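Input: a single structure, listed below in C-alpha cells.
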Amino acid sequence: MTSTTEPTEPLSVEQLSATTLLRFATAGSVDDGKSTLVGRLLHDSKSILTDQLEAVERVSAGRGQDTPDLALLTDGLRAEREQGITIDVAYRYFATARRRFILADTPGHVQYTRNMVTGASTADLAVVLVDARNGVIEQTRRHAAVAALLRVPHVVLAVNKMDLVAYEETVFAAIAEEFTAYASELGVPEITAIPISALAGDNVVEPSANMDWYGGPTVLEHLETVPVSHDLAHCHARLPVQYVIRPQTAEHPDYRGYAGQIAAGTFRVGESVTVLPSGRTSKVAGIDLLGTPVDVAWTPQSVTLLLEDDIDISRGDLLVPSKDAPPTTQDVEATVCHVADEPLTVGHRVLLKHGTRTVKAIVKDIPSRLTLDDLSLHPHPGRLVANDIGRVKIRTAEPLPLDAYADSRRTGAFILIDPADGTTLTAGMVGESFAAPQPVAADADADGWDF
C-alpha cells in the first residue's frame, strides 16, 4: 500500500483550482473518537496552522496530558471542551494535492440528530465511527439511516479503537459484516469499512503496521480517490432567480437579466426555457458570467441569463429547460427532520422556503414518525418533536416546482419556517422514503389558511 502524505508547502491557486471538491460529514456515538479522528486527519495531513497546534498543546498540557488532545482541533466551544463532547456542527476546510475538502464534524448524542442532518444534507460522503469494543449500536443504526434518508452516495464505516481490541481482524470483520448488511437494507449504494485507531494514527493518513491483514485504503486515501459520482452538471437544469438586473443606463438601456446560482445542470444560449410557476416560455439570448458573455454555464456557477422575450419574472421564479420542466403542485409529500424545540403539529401554519421562493403553507397531516433504530413506523403521531424524522403532507398557498429529492438533492429540498419569528422548524426532502405515505383528507382550515 502506498503512503499518502501531504507536502509541507501550501498548494498554489492553480493547484487548488485543478482539484475536485469533496464534501463529507463525520458521525459517531459519544466517545467513539470522532473528534480525535478529525483532529488526526488534519494533523497528519499537515492541514492545521502552527498557532492552532500550539494552542491545543497548551490546553492539553494544562490538563496534565503528555500529548496533544487532537479532538480540541474541532471541539471549539467551551462547553464542548469542558464536557468532552461535540455539540455543534464544526466545519473545516483543507486540501491535499489530489482534492479539496469541506468537512462537517457532527455531534453523536441522540438529542443532536438534527445537527447531523444539517451536516450531512450536502455531503458526498459520510464517515460513521464505531467503537471496536462496542460494535454496531442503536446510534450507529440511526446515523446509517439518516445517511440513507439524505441520499448520501458513499458511506465509510471507520471501526475505531482497534488498538484496544489487540488489532484483531475477527472483531473488525464481524462489525463490518453487521453494519454493511444493515446499511445495504436501507439502500446505501456504497459502503467501505476501514479499521483504524485515531489515537495512534493507524490507517487514518498512514497505513498501519499493526494490521497487516488489512489491504484496503487509509481514510485519507479513500477520501482522495472516491468518485464524486453525482455530477450536478448532468442533472436536471435549474436556476432559481435571485435578482432581476435592470440597470436602465445610457450604456445598457434595455438590459434585463435574471441572476442566480445554477442549482443543477447546464444552460446554453439558444435553449428554450420555461419560467415556473407561471409556465411562460422563451429562449436564452445570452449568458453573462462575471461580466463576460459565454455560450454555456453549469452548476454551481452564478450567472445572469438574458431571454429573447420580455416576460414577467421575479425573485423566487425558477428557470428550467422547456423539455425538462418539473411538475408544479400545491400538495407536497415529504420526509422531514424536525429541528426546532417547538413541536410540528397537524394544522401548523408555516412558511415553506424552496430555493429562492417562500410561500405560506399548512401542515395537513403527519402520516407517520420513523423509529430509526429498527425502521418501524409510528402511524399518525399528530406531531413531531425535536430530532424526529417522519412523513408530512403540506398544502401551499401557491404552486411550487418540485423535484423529487432522490433525483436532485438541491431542488428536492426545502425548509419550514415559523412565520412569527423566522425560526427554522423543519428540513424536508420531497418524495418517497422508508415511510409509505397515507391518504389525507383535504379538510378546510378554520382560520382562513385554506389553500
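Just so we're on the same page: first chain in the C-alpha cells is A, next is B, and so on; residues restart at 1 for each chain, and ligands are numbered from 1 in the order they show up.
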
Env of segment 332-335 of chain A: 6 Å cut, atoms = only C-alpha atoms, seq-sep filter 2 positions within chain, self excluded. Answer as a list in words.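 The neighbour list is Gly390, Arg391, Val392, Lys393, Ile394, Gly428, Met429, Val430 and Gly431 of chain A.
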
Selection from above, N, CA, C and O atoms, as a compact mmCIF listing (two decimals), in the first residue's frame, can you write it?
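again_19.txt, written as the output of this step:
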# COMPACT_ATOMS: atom_id res chain seq x y z
N GLY A 390 -40.03 12.04 10.11
CA GLY A 390 -41.32 11.47 9.76
C GLY A 390 -41.80 11.94 8.41
O GLY A 390 -41.13 12.72 7.72
N ARG A 391 -42.98 11.46 8.04
CA ARG A 391 -43.62 11.86 6.79
C ARG A 391 -44.62 12.97 7.08
O ARG A 391 -45.30 12.95 8.10
N VAL A 392 -44.69 13.95 6.16
CA VAL A 392 -45.67 15.02 6.30
C VAL A 392 -46.36 15.26 4.95
O VAL A 392 -45.81 14.93 3.90
N LYS A 393 -47.56 15.82 5.04
CA LYS A 393 -48.27 16.31 3.86
C LYS A 393 -48.57 17.78 4.10
O LYS A 393 -49.14 18.14 5.12
N ILE A 394 -48.18 18.59 3.13
CA ILE A 394 -48.25 20.04 3.27
C ILE A 394 -49.02 20.61 2.08
O ILE A 394 -48.85 20.16 0.94
N GLY A 428 -36.87 19.44 4.98
CA GLY A 428 -37.70 18.49 4.26
C GLY A 428 -37.05 17.98 2.99
O GLY A 428 -36.25 18.66 2.36
N MET A 429 -37.43 16.74 2.62
CA MET A 429 -36.96 16.08 1.41
C MET A 429 -38.17 15.56 0.65
O MET A 429 -38.90 14.69 1.15
N VAL A 430 -38.40 16.07 -0.55
CA VAL A 430 -39.60 15.76 -1.33
C VAL A 430 -39.56 14.32 -1.83
O VAL A 430 -38.53 13.84 -2.30
N GLY A 431 -40.68 13.65 -1.72
CA GLY A 431 -40.81 12.33 -2.31
C GLY A 431 -40.82 11.20 -1.31
O GLY A 431 -41.00 11.40 -0.11

Give me, as a VMD selection string, the residues of segment 186-311 of chain A that a backbone DSSP run labels strand (DSSP E or B). chain A and resid 190 to 195 197 202 206 238 to 240 243 to 245 257 to 261 264 266 to 268 272 to 276 280 to 289 292 to 294 296 to 298 302 to 307

Near segment 95-99 of chain A, counting only C-alpha atoms, which residues have an atom at most 6 Å away, once you skip same-chain residues fewer than 2 positions from it, shown as a list in words? Thr19, Thr20, Leu21, Phe101 and Glu224 of chain A

Please produce an output containing N, CA and C atoms for each residue in the selection, written as a compact mmCIF listing (two decimals), in the first residue's frame.
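This went into selection.txt:
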# COMPACT_ATOMS: atom_id res chain seq x y z
N THR A 19 -8.05 20.69 -8.62
CA THR A 19 -8.51 19.56 -7.83
C THR A 19 -10.03 19.57 -7.72
N THR A 20 -10.59 18.40 -7.42
CA THR A 20 -12.03 18.29 -7.20
C THR A 20 -12.36 18.57 -5.74
N LEU A 21 -13.63 18.81 -5.47
CA LEU A 21 -14.10 19.12 -4.12
C LEU A 21 -14.94 17.97 -3.60
N PHE A 101 -11.36 19.61 0.40
CA PHE A 101 -12.36 19.01 1.28
C PHE A 101 -13.09 20.07 2.10
N GLU A 224 -9.55 10.80 -0.88
CA GLU A 224 -8.92 11.41 -2.05
C GLU A 224 -9.34 10.75 -3.36

Using only C-alpha atoms, determine which residues lie at most 8 Å from segment 120-135 of chain A, disregarding the query and same-chain residues fewer than 2 positions distant; provide the list as number ranges by chain. A: 22-29, 32-34, 104, 116-118, 137, 140, 143-144, 147, 150, 152-162, 164-165, 171-172, 175, 228, 409

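Minimum atom-to-atom distances from A:Ala259, A:Val320, A:Ile415, A:Ile194 to Pro401 of chain A were compared using only C-alpha atoms, and the lowest value belongs to A:Val320.
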
Excluding Asn387 of chain A and any residue of its chain fewer than 3 positions from it, enumerate the residues within 12 Å of it, using only C-alpha atoms, and give them as a PDB file with N, CA and C atoms, in the first residue's frame.
ATOM      1  N   HIS A 109     -24.591  12.679  20.102  1.00  0.00           N
ATOM      2  CA  HIS A 109     -25.705  12.471  21.015  1.00  0.00           C
ATOM      3  C   HIS A 109     -27.027  12.358  20.258  1.00  0.00           C
ATOM      4  N   VAL A 110     -27.943  11.565  20.806  1.00  0.00           N
ATOM      5  CA  VAL A 110     -29.258  11.395  20.193  1.00  0.00           C
ATOM      6  C   VAL A 110     -29.964  12.737  20.056  1.00  0.00           C
ATOM      7  N   GLN A 111     -29.836  13.606  21.064  1.00  0.00           N
ATOM      8  CA  GLN A 111     -30.560  14.875  21.025  1.00  0.00           C
ATOM      9  C   GLN A 111     -29.999  15.854  19.996  1.00  0.00           C
ATOM     10  N   TYR A 112     -28.863  15.488  19.377  1.00  0.00           N
ATOM     11  CA  TYR A 112     -28.286  16.344  18.344  1.00  0.00           C
ATOM     12  C   TYR A 112     -28.385  15.696  16.967  1.00  0.00           C
ATOM     13  N   THR A 113     -29.353  14.784  16.780  1.00  0.00           N
ATOM     14  CA  THR A 113     -29.557  14.175  15.472  1.00  0.00           C
ATOM     15  C   THR A 113     -29.790  15.238  14.407  1.00  0.00           C
ATOM     16  N   ARG A 114     -30.499  16.299  14.778  1.00  0.00           N
ATOM     17  CA  ARG A 114     -30.774  17.384  13.820  1.00  0.00           C
ATOM     18  C   ARG A 114     -29.482  18.007  13.317  1.00  0.00           C
ATOM     19  N   ASN A 115     -28.438  18.043  14.155  1.00  0.00           N
ATOM     20  CA  ASN A 115     -27.172  18.611  13.718  1.00  0.00           C
ATOM     21  C   ASN A 115     -26.513  17.723  12.666  1.00  0.00           C
ATOM     22  N   MET A 116     -26.679  16.405  12.817  1.00  0.00           N
ATOM     23  CA  MET A 116     -26.141  15.523  11.786  1.00  0.00           C
ATOM     24  C   MET A 116     -26.867  15.730  10.468  1.00  0.00           C
ATOM     25  N   VAL A 117     -28.185  15.930  10.538  1.00  0.00           N
ATOM     26  CA  VAL A 117     -28.950  16.192   9.317  1.00  0.00           C
ATOM     27  C   VAL A 117     -28.420  17.437   8.624  1.00  0.00           C
ATOM     28  N   THR A 118     -28.120  18.466   9.405  1.00  0.00           N
ATOM     29  CA  THR A 118     -27.574  19.694   8.832  1.00  0.00           C
ATOM     30  C   THR A 118     -26.243  19.428   8.150  1.00  0.00           C
ATOM     31  N   ARG A 142     -28.867   4.581  13.727  1.00  0.00           N
ATOM     32  CA  ARG A 142     -29.529   5.864  13.499  1.00  0.00           C
ATOM     33  C   ARG A 142     -28.740   6.689  12.473  1.00  0.00           C
ATOM     34  N   VAL A 146     -30.002   7.978   8.781  1.00  0.00           N
ATOM     35  CA  VAL A 146     -30.004   9.389   8.375  1.00  0.00           C
ATOM     36  C   VAL A 146     -29.233   9.557   7.068  1.00  0.00           C
ATOM     37  N   VAL A 336     -39.329  14.574   6.550  1.00  0.00           N
ATOM     38  CA  VAL A 336     -38.753  15.746   7.198  1.00  0.00           C
ATOM     39  C   VAL A 336     -38.017  15.343   8.471  1.00  0.00           C
ATOM     40  N   CYS A 337     -37.061  16.174   8.838  1.00  0.00           N
ATOM     41  CA  CYS A 337     -36.426  16.082  10.156  1.00  0.00           C
ATOM     42  C   CYS A 337     -36.757  17.365  10.890  1.00  0.00           C
ATOM     43  N   HIS A 338     -37.423  17.228  12.025  1.00  0.00           N
ATOM     44  CA  HIS A 338     -37.825  18.412  12.782  1.00  0.00           C
ATOM     45  C   HIS A 338     -36.652  18.877  13.634  1.00  0.00           C
ATOM     46  N   VAL A 339     -36.266  20.148  13.495  1.00  0.00           N
ATOM     47  CA  VAL A 339     -35.047  20.644  14.140  1.00  0.00           C
ATOM     48  C   VAL A 339     -35.321  21.656  15.253  1.00  0.00           C
ATOM     49  N   ALA A 340     -36.556  22.096  15.395  1.00  0.00           N
ATOM     50  CA  ALA A 340     -36.861  23.110  16.401  1.00  0.00           C
ATOM     51  C   ALA A 340     -37.344  22.463  17.699  1.00  0.00           C
ATOM     52  N   ASP A 341     -37.216  23.204  18.797  1.00  0.00           N
ATOM     53  CA  ASP A 341     -37.696  22.700  20.087  1.00  0.00           C
ATOM     54  C   ASP A 341     -39.224  22.688  20.136  1.00  0.00           C
ATOM     55  N   GLU A 342     -39.862  23.628  19.454  1.00  0.00           N
ATOM     56  CA  GLU A 342     -41.322  23.646  19.380  1.00  0.00           C
ATOM     57  C   GLU A 342     -41.805  22.524  18.468  1.00  0.00           C
ATOM     58  N   PRO A 343     -42.772  21.715  18.882  1.00  0.00           N
ATOM     59  CA  PRO A 343     -43.244  20.600  18.045  1.00  0.00           C
ATOM     60  C   PRO A 343     -43.883  21.097  16.749  1.00  0.00           C
ATOM     61  N   LEU A 344     -43.828  20.259  15.734  1.00  0.00           N
ATOM     62  CA  LEU A 344     -44.557  20.479  14.490  1.00  0.00           C
ATOM     63  C   LEU A 344     -45.830  19.654  14.571  1.00  0.00           C
ATOM     64  N   ARG A 369     -44.246   8.632  11.948  1.00  0.00           N
ATOM     65  CA  ARG A 369     -42.939   9.008  12.511  1.00  0.00           C
ATOM     66  C   ARG A 369     -42.041   7.784  12.433  1.00  0.00           C
ATOM     67  N   LEU A 370     -40.808   7.987  12.039  1.00  0.00           N
ATOM     68  CA  LEU A 370     -39.883   6.885  11.822  1.00  0.00           C
ATOM     69  C   LEU A 370     -39.049   6.617  13.071  1.00  0.00           C
ATOM     70  N   THR A 371     -39.009   5.356  13.498  1.00  0.00           N
ATOM     71  CA  THR A 371     -38.111   4.939  14.569  1.00  0.00           C
ATOM     72  C   THR A 371     -36.844   4.423  13.910  1.00  0.00           C
ATOM     73  N   LEU A 372     -35.736   5.169  14.056  1.00  0.00           N
ATOM     74  CA  LEU A 372     -34.562   4.907  13.246  1.00  0.00           C
ATOM     75  C   LEU A 372     -33.782   3.663  13.663  1.00  0.00           C
ATOM     76  N   ARG A 383     -47.856  14.839  15.780  1.00  0.00           N
ATOM     77  CA  ARG A 383     -46.837  15.881  15.873  1.00  0.00           C
ATOM     78  C   ARG A 383     -45.448  15.252  15.811  1.00  0.00           C
ATOM     79  N   LEU A 384     -44.470  16.091  15.491  1.00  0.00           N
ATOM     80  CA  LEU A 384     -43.064  15.704  15.516  1.00  0.00           C
ATOM     81  C   LEU A 384     -42.339  16.634  16.471  1.00  0.00           C
ATOM     82  N   GLY A 390     -40.028  12.043  10.107  1.00  0.00           N
ATOM     83  CA  GLY A 390     -41.320  11.467   9.756  1.00  0.00           C
ATOM     84  C   GLY A 390     -41.801  11.941   8.408  1.00  0.00           C
ATOM     85  N   LEU A 425     -37.899  25.535  11.402  1.00  0.00           N
ATOM     86  CA  LEU A 425     -38.585  24.478  12.127  1.00  0.00           C
ATOM     87  C   LEU A 425     -38.186  23.081  11.670  1.00  0.00           C
ATOM     88  N   THR A 426     -38.124  22.899  10.358  1.00  0.00           N
ATOM     89  CA  THR A 426     -38.036  21.557   9.797  1.00  0.00           C
ATOM     90  C   THR A 426     -37.266  21.578   8.492  1.00  0.00           C
ATOM     91  N   ALA A 427     -36.466  20.529   8.270  1.00  0.00           N
ATOM     92  CA  ALA A 427     -35.801  20.325   6.981  1.00  0.00           C
ATOM     93  C   ALA A 427     -36.517  19.205   6.251  1.00  0.00           C
TER      94      ALA A 427
END

Residue neighbourhood Arg315 of chain A, 7 Å, only C-alpha atoms, exclusion window fewer than 5 positions, as a VMD selection string: chain A and resid 241 to 244 356

9 Å contact set for Asp310 of chain A, only C-alpha atoms, chain neighbours under 2 positions out, as a ChimeraX atom specification: /A:256,282,307-308,312-313

Restricting it to all heavy atoms, dump the selection as a PDB file, in the first residue's frame.
ATOM      1  N   ARG A 256     -32.029  43.451 -19.462  1.00  0.00           N
ATOM      2  CA  ARG A 256     -32.877  42.798 -18.461  1.00  0.00           C
ATOM      3  C   ARG A 256     -32.326  41.377 -18.252  1.00  0.00           C
ATOM      4  O   ARG A 256     -32.439  40.528 -19.127  1.00  0.00           O
ATOM      5  CB  ARG A 256     -34.333  42.726 -18.911  1.00  0.00           C
ATOM      6  CG  ARG A 256     -35.286  42.135 -17.842  1.00  0.00           C
ATOM      7  CD  ARG A 256     -36.632  41.771 -18.450  1.00  0.00           C
ATOM      8  NE  ARG A 256     -37.313  42.942 -18.953  1.00  0.00           N
ATOM      9  CZ  ARG A 256     -38.214  43.652 -18.267  1.00  0.00           C
ATOM     10  NH1 ARG A 256     -38.539  43.274 -17.049  1.00  0.00           N
ATOM     11  NH2 ARG A 256     -38.781  44.708 -18.794  1.00  0.00           N
ATOM     12  N   SER A 282     -39.544  31.046 -23.254  1.00  0.00           N
ATOM     13  CA  SER A 282     -38.717  31.926 -24.077  1.00  0.00           C
ATOM     14  C   SER A 282     -37.459  31.149 -24.454  1.00  0.00           C
ATOM     15  O   SER A 282     -37.365  29.937 -24.217  1.00  0.00           O
ATOM     16  CB  SER A 282     -38.362  33.206 -23.311  1.00  0.00           C
ATOM     17  OG  SER A 282     -37.634  34.100 -24.144  1.00  0.00           O
ATOM     18  N   LEU A 307     -33.059  36.669 -21.808  1.00  0.00           N
ATOM     19  CA  LEU A 307     -34.027  35.948 -22.618  1.00  0.00           C
ATOM     20  C   LEU A 307     -34.438  36.771 -23.832  1.00  0.00           C
ATOM     21  O   LEU A 307     -34.322  38.007 -23.830  1.00  0.00           O
ATOM     22  CB  LEU A 307     -35.257  35.592 -21.780  1.00  0.00           C
ATOM     23  CG  LEU A 307     -35.007  34.778 -20.503  1.00  0.00           C
ATOM     24  CD1 LEU A 307     -36.330  34.439 -19.834  1.00  0.00           C
ATOM     25  CD2 LEU A 307     -34.206  33.518 -20.789  1.00  0.00           C
ATOM     26  N   GLU A 308     -34.927  36.074 -24.852  1.00  0.00           N
ATOM     27  CA  GLU A 308     -35.347  36.762 -26.081  1.00  0.00           C
ATOM     28  C   GLU A 308     -36.595  37.598 -25.868  1.00  0.00           C
ATOM     29  O   GLU A 308     -36.806  38.608 -26.549  1.00  0.00           O
ATOM     30  CB  GLU A 308     -35.583  35.733 -27.191  1.00  0.00           C
ATOM     31  CG  GLU A 308     -34.313  35.063 -27.693  1.00  0.00           C
ATOM     32  CD  GLU A 308     -34.591  34.114 -28.856  1.00  0.00           C
ATOM     33  OE1 GLU A 308     -35.794  33.917 -29.186  1.00  0.00           O
ATOM     34  OE2 GLU A 308     -33.629  33.569 -29.423  1.00  0.00           O
ATOM     35  N   ASP A 312     -42.742  38.500 -17.482  1.00  0.00           N
ATOM     36  CA  ASP A 312     -42.763  38.813 -16.052  1.00  0.00           C
ATOM     37  C   ASP A 312     -42.039  37.721 -15.272  1.00  0.00           C
ATOM     38  O   ASP A 312     -42.531  36.606 -15.124  1.00  0.00           O
ATOM     39  CB  ASP A 312     -44.220  38.942 -15.579  1.00  0.00           C
ATOM     40  CG  ASP A 312     -44.304  39.340 -14.108  1.00  0.00           C
ATOM     41  OD1 ASP A 312     -43.274  39.767 -13.553  1.00  0.00           O
ATOM     42  OD2 ASP A 312     -45.403  39.221 -13.535  1.00  0.00           O
ATOM     43  N   ILE A 313     -40.850  38.061 -14.780  1.00  0.00           N
ATOM     44  CA  ILE A 313     -40.040  37.146 -13.965  1.00  0.00           C
ATOM     45  C   ILE A 313     -39.561  37.913 -12.748  1.00  0.00           C
ATOM     46  O   ILE A 313     -39.131  39.061 -12.856  1.00  0.00           O
ATOM     47  CB  ILE A 313     -38.831  36.597 -14.746  1.00  0.00           C
ATOM     48  CG1 ILE A 313     -39.290  35.855 -16.008  1.00  0.00           C
ATOM     49  CG2 ILE A 313     -37.982  35.673 -13.871  1.00  0.00           C
ATOM     50  CD1 ILE A 313     -38.145  35.378 -16.884  1.00  0.00           C
TER      51      ILE A 313
END

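Considering only C-alpha atoms, the residue among A:Pro327, A:Gly382, A:Gly201, A:Pro300 positioned nearest to Arg410 of chain A is A:Pro300.
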
Let's see if you can do this: from backbone DSSP, list all alpha helix (DSSP H) residues in segment 158-248 of chain A, as a list in words.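 Written out, the alpha helix (DSSP H) residues of segment 158-248 of chain A are Glu169, Thr170, Val171, Phe172, Ala173, Ala174, Ile175, Ala176, Glu177, Glu178, Phe179, Thr180, Ala181, Tyr182, Ala183, Ser184, Glu185, Leu186, Val219, Leu220, Glu221, His222, Leu223, Glu224 and Thr225 of chain A.
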
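Picture a line from atom CA of Val136 of chain A to atom CA of Ile389 of chain A; it runs 20.9 Å.
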
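Proximity to Gly39 of chain A was assessed for A:Asp388, A:Asp421, A:Glu251, A:Asp105 counting only C-alpha atoms; the smallest distance is recorded for A:Asp105.
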
Taking only C-alpha atoms into account, name the residue in A:Thr345, A:Ala145, A:Ala404, A:Asp44 that is nearest to Ala183 of chain A.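 Nearest candidate to Ala183 of chain A out of A:Thr345, A:Ala145, A:Ala404, A:Asp44: A:Ala145.
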